[in-house]
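Here's the structure, in structure tokens; my notes come after.
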Amino acid sequence: MVDPQNIAKYFILRAYQDGRDDQMTNMKVQKLLYYTQCLHLALYEEPLFAEEIQAWRYSPVCPPAYHYYSDFEAQQLPIPQEQNIVNEFTEEIRELLEEVWQYFGVYHAYDLSNMTHSEFPWRKARTGLSREESSTNPISLEDMRLLGEEKLLEIEKDHPYYNKILSHVLKEGMKEKSQPKYIQQGEVNEWLMSLINQYLAIRR
């Protein structure tokens with residue numbers, strides 16, 4: 001398991017590296033932690049960190065990480081002193097965090113918050129509560145896993161090679177006489193990378 005505060009520090013460092021540090025607030029960190037947990041659950045069927053994510057009034061929150069930066073409220077978060085925080089993660093985790101940053105990091109905190117409001121895990125965890133009512137209800141790991149699968153598909157479809165690869169694979173599939181091979185749960189990223197490699201090999 002990974003400390004969610006280290007994940008938060010990674011995203012803050014990436015914001016400074018990419019010149020988006022002025023948008024890096026506690027709210028944005030919480031949403032990035034949320035989607036990181038969702039994608040990890042979808043890919044590996046286990047959580048990346050043990051701390052629960054709760055359905056607070058305005059959006060999902062990881063309480064320990066939130067309280068760590070609570071003094072800053074909506075202000076820009078300072079750059080962490082630990083400049084080598086990336087060394088705390090395995091290569092697989094680094095790739096996941098970078099994927100989350102590239103896809104979700106471009107959004108403003110309020111856009112990410114609105115995104116979570118339109119999705120079922122946060123809404124389900126707040127069933128029976130009014131819009132302004134406080135809550136510490138946990139968002140279930142299973143619901144986050146299902147959302148993570150949806151997000152992985154969104155990320156794949158945004159890939160610049162997606163339509164070309166899909167078109168090529170469908171054409172090749174029509175020529176095959178053998179039984180079709182179906183993508184198994186948890187193999188989404190491996191599938192996309194294999195298709196990209198096939199397409200690039202053909203283009204060479």
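Here, A, B, ... name the chains of the structure tokens in the order displayed, residue numbers run from 1 inside each chain, and ligands are numbered from 1 in the same displayed order.
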Per residue of segment 117-165 of chain A within 6 Å of segment 34-48 of chain A, note the shortest atom pair and the distance in Å to one decimal, counting only C-alpha atoms, and order the rows by chain and increasing residue number, as a Markdown table.
```
| residue | atom | partner | partner_atom | distance |
| --- | --- | --- | --- | --- |
| A:Met144 | CA | A:Cys38 | CA | 4.8 |
| A:Arg145 | CA | A:Ala42 | CA | 4.7 |
| A:Gly148 | CA | A:Cys38 | CA | 4.4 |
| A:Glu149 | CA | A:Ala42 | CA | 5.3 |
```
Writing out the chosen residues with N, CA and C atoms as an mmCIF file, in the first residue's frame:
```cif
data_model
loop_
_atom_site.group_PDB
_atom_site.id
_atom_site.type_symbol
_atom_site.label_atom_id
_atom_site.label_comp_id
_atom_site.auth_asym_id
_atom_site.auth_seq_id
_atom_site.Cartn_x
_atom_site.Cartn_y
_atom_site.Cartn_z
ATOM 1 N N MET A 144 -15.978 2.263 -7.030
ATOM 2 C CA MET A 144 -14.830 2.959 -7.609
ATOM 3 C C MET A 144 -14.163 2.102 -8.683
ATOM 4 N N ARG A 145 -14.129 0.810 -8.481
ATOM 5 C CA ARG A 145 -13.550 -0.078 -9.499
ATOM 6 C C ARG A 145 -14.350 -0.005 -10.801
ATOM 7 N N GLY A 148 -13.656 3.173 -12.454
ATOM 8 C CA GLY A 148 -12.320 3.116 -13.032
ATOM 9 C C GLY A 148 -12.308 2.446 -14.386
ATOM 10 N N GLU A 149 -13.108 1.398 -14.551
ATOM 11 C CA GLU A 149 -13.201 0.730 -15.848
ATOM 12 C C GLU A 149 -13.779 1.672 -16.896
#
```
Please return, as a ChimeraX atom specification, all residues of segment 12-168 of chain A that DSSP assigns to helix (DSSP H, G or I) on the basis of the backbone.
/A:12-17,21-23,26-44,63-68,70-72,85-88,91-104,109-117,120-125,141-157,162-168
Close residues, Ser70 of chain A itself excluded, 12 Å, only C-alpha atoms, min 3 positions apart in chain, as a PDB file with C-alpha atoms, in the first residue's frame:
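Writing the result to result_10.pdb gives the following:
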```
ATOM      1  CA  THR A  25      -5.360  23.282  -4.517  1.00  0.00           C
ATOM      2  CA  ASN A  26      -6.440  20.818  -1.861  1.00  0.00           C
ATOM      3  CA  MET A  27      -9.681  20.279  -3.765  1.00  0.00           C
ATOM      4  CA  VAL A  29      -5.544  16.927  -4.982  1.00  0.00           C
ATOM      5  CA  GLN A  30      -8.573  15.138  -3.547  1.00  0.00           C
ATOM      6  CA  VAL A  61     -12.318  13.257  -0.155  1.00  0.00           C
ATOM      7  CA  CYS A  62      -9.494  11.218   1.356  1.00  0.00           C
ATOM      8  CA  PRO A  63      -9.610  12.635   4.932  1.00  0.00           C
ATOM      9  CA  PRO A  64      -5.938  12.175   5.986  1.00  0.00           C
ATOM     10  CA  ALA A  65      -4.652  13.889   2.840  1.00  0.00           C
ATOM     11  CA  TYR A  66      -7.294  16.599   3.096  1.00  0.00           C
ATOM     12  CA  HIS A  67      -6.437  17.472   6.698  1.00  0.00           C
ATOM     13  CA  GLU A  73      -8.049  25.972   2.147  1.00  0.00           C
ATOM     14  CA  ALA A  74      -8.543  27.016  -1.515  1.00  0.00           C
ATOM     15  CA  GLN A  75      -5.067  28.520  -1.883  1.00  0.00           C
ATOM     16  CA  GLN A  76      -2.267  27.243  -4.078  1.00  0.00           C
ATOM     17  CA  LEU A  77      -0.353  24.409  -2.422  1.00  0.00           C
TER      18      LEU A  77
END
```
Near Leu13 of chain A, within 8 Å and counting only C-alpha atoms, which residues show up once chain neighbours fewer than 2 positions away are dropped, as an NGL selection string?
:A and (9-11 or 15-17 or 79-80 or 83)
Can you write just those residues out, N, CA and C atoms, as a JSON list (two decimals), in the first residue's frame?
```
[["chain", "number", "residue", "atom", "x", "y", "z"],
["A", 9, "LYS", "N", 1.77, 14.59, -3.04],
["A", 9, "LYS", "CA", 3.02, 15.35, -3.28],
["A", 9, "LYS", "C", 3.51, 15.14, -4.71],
["A", 10, "TYR", "N", 3.33, 13.95, -5.22],
["A", 10, "TYR", "CA", 3.72, 13.68, -6.61],
["A", 10, "TYR", "C", 2.95, 14.59, -7.57],
["A", 11, "PHE", "N", 1.63, 14.67, -7.37],
["A", 11, "PHE", "CA", 0.81, 15.50, -8.26],
["A", 11, "PHE", "C", 1.15, 16.98, -8.12],
["A", 15, "ALA", "N", 2.49, 19.44, -11.08],
["A", 15, "ALA", "CA", 1.86, 20.72, -11.39],
["A", 15, "ALA", "C", 2.90, 21.82, -11.54],
["A", 16, "TYR", "N", 3.88, 21.84, -10.66],
["A", 16, "TYR", "CA", 4.95, 22.84, -10.75],
["A", 16, "TYR", "C", 5.81, 22.60, -11.99],
["A", 17, "GLN", "N", 6.06, 21.35, -12.31],
["A", 17, "GLN", "CA", 6.86, 21.05, -13.50],
["A", 17, "GLN", "C", 6.16, 21.47, -14.78],
["A", 79, "ILE", "N", 5.20, 23.84, -3.13],
["A", 79, "ILE", "CA", 5.94, 22.72, -3.67],
["A", 79, "ILE", "C", 6.53, 21.88, -2.53],
["A", 80, "PRO", "N", 6.40, 20.57, -2.58],
["A", 80, "PRO", "CA", 6.91, 19.71, -1.50],
["A", 80, "PRO", "C", 8.43, 19.78, -1.40],
["A", 83, "GLN", "N", 11.77, 16.36, -3.23],
["A", 83, "GLN", "CA", 11.81, 16.47, -4.69],
["A", 83, "GLN", "C", 11.94, 15.11, -5.37]]
```
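Residues in contact with Ser130 of chain A at up to 12 Å, not including ones fewer than 5 positions away on its chain and judged by only C-alpha atoms, are Trp56, Arg57, Tyr58, Arg123 and Ser135 of chain A.
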May I have the residues from that selection written out with C-alpha atoms, as a compact mmCIF listing (two decimals), in the first residue's frame?
```
# COMPACT_ATOMS: atom_id res chain seq x y z
CA TRP A 56 -18.30 14.67 1.48
CA ARG A 57 -20.79 17.41 0.68
CA TYR A 58 -18.96 18.80 -2.33
CA ARG A 123 -24.09 9.97 -5.63
CA SER A 135 -21.39 13.22 5.27
```
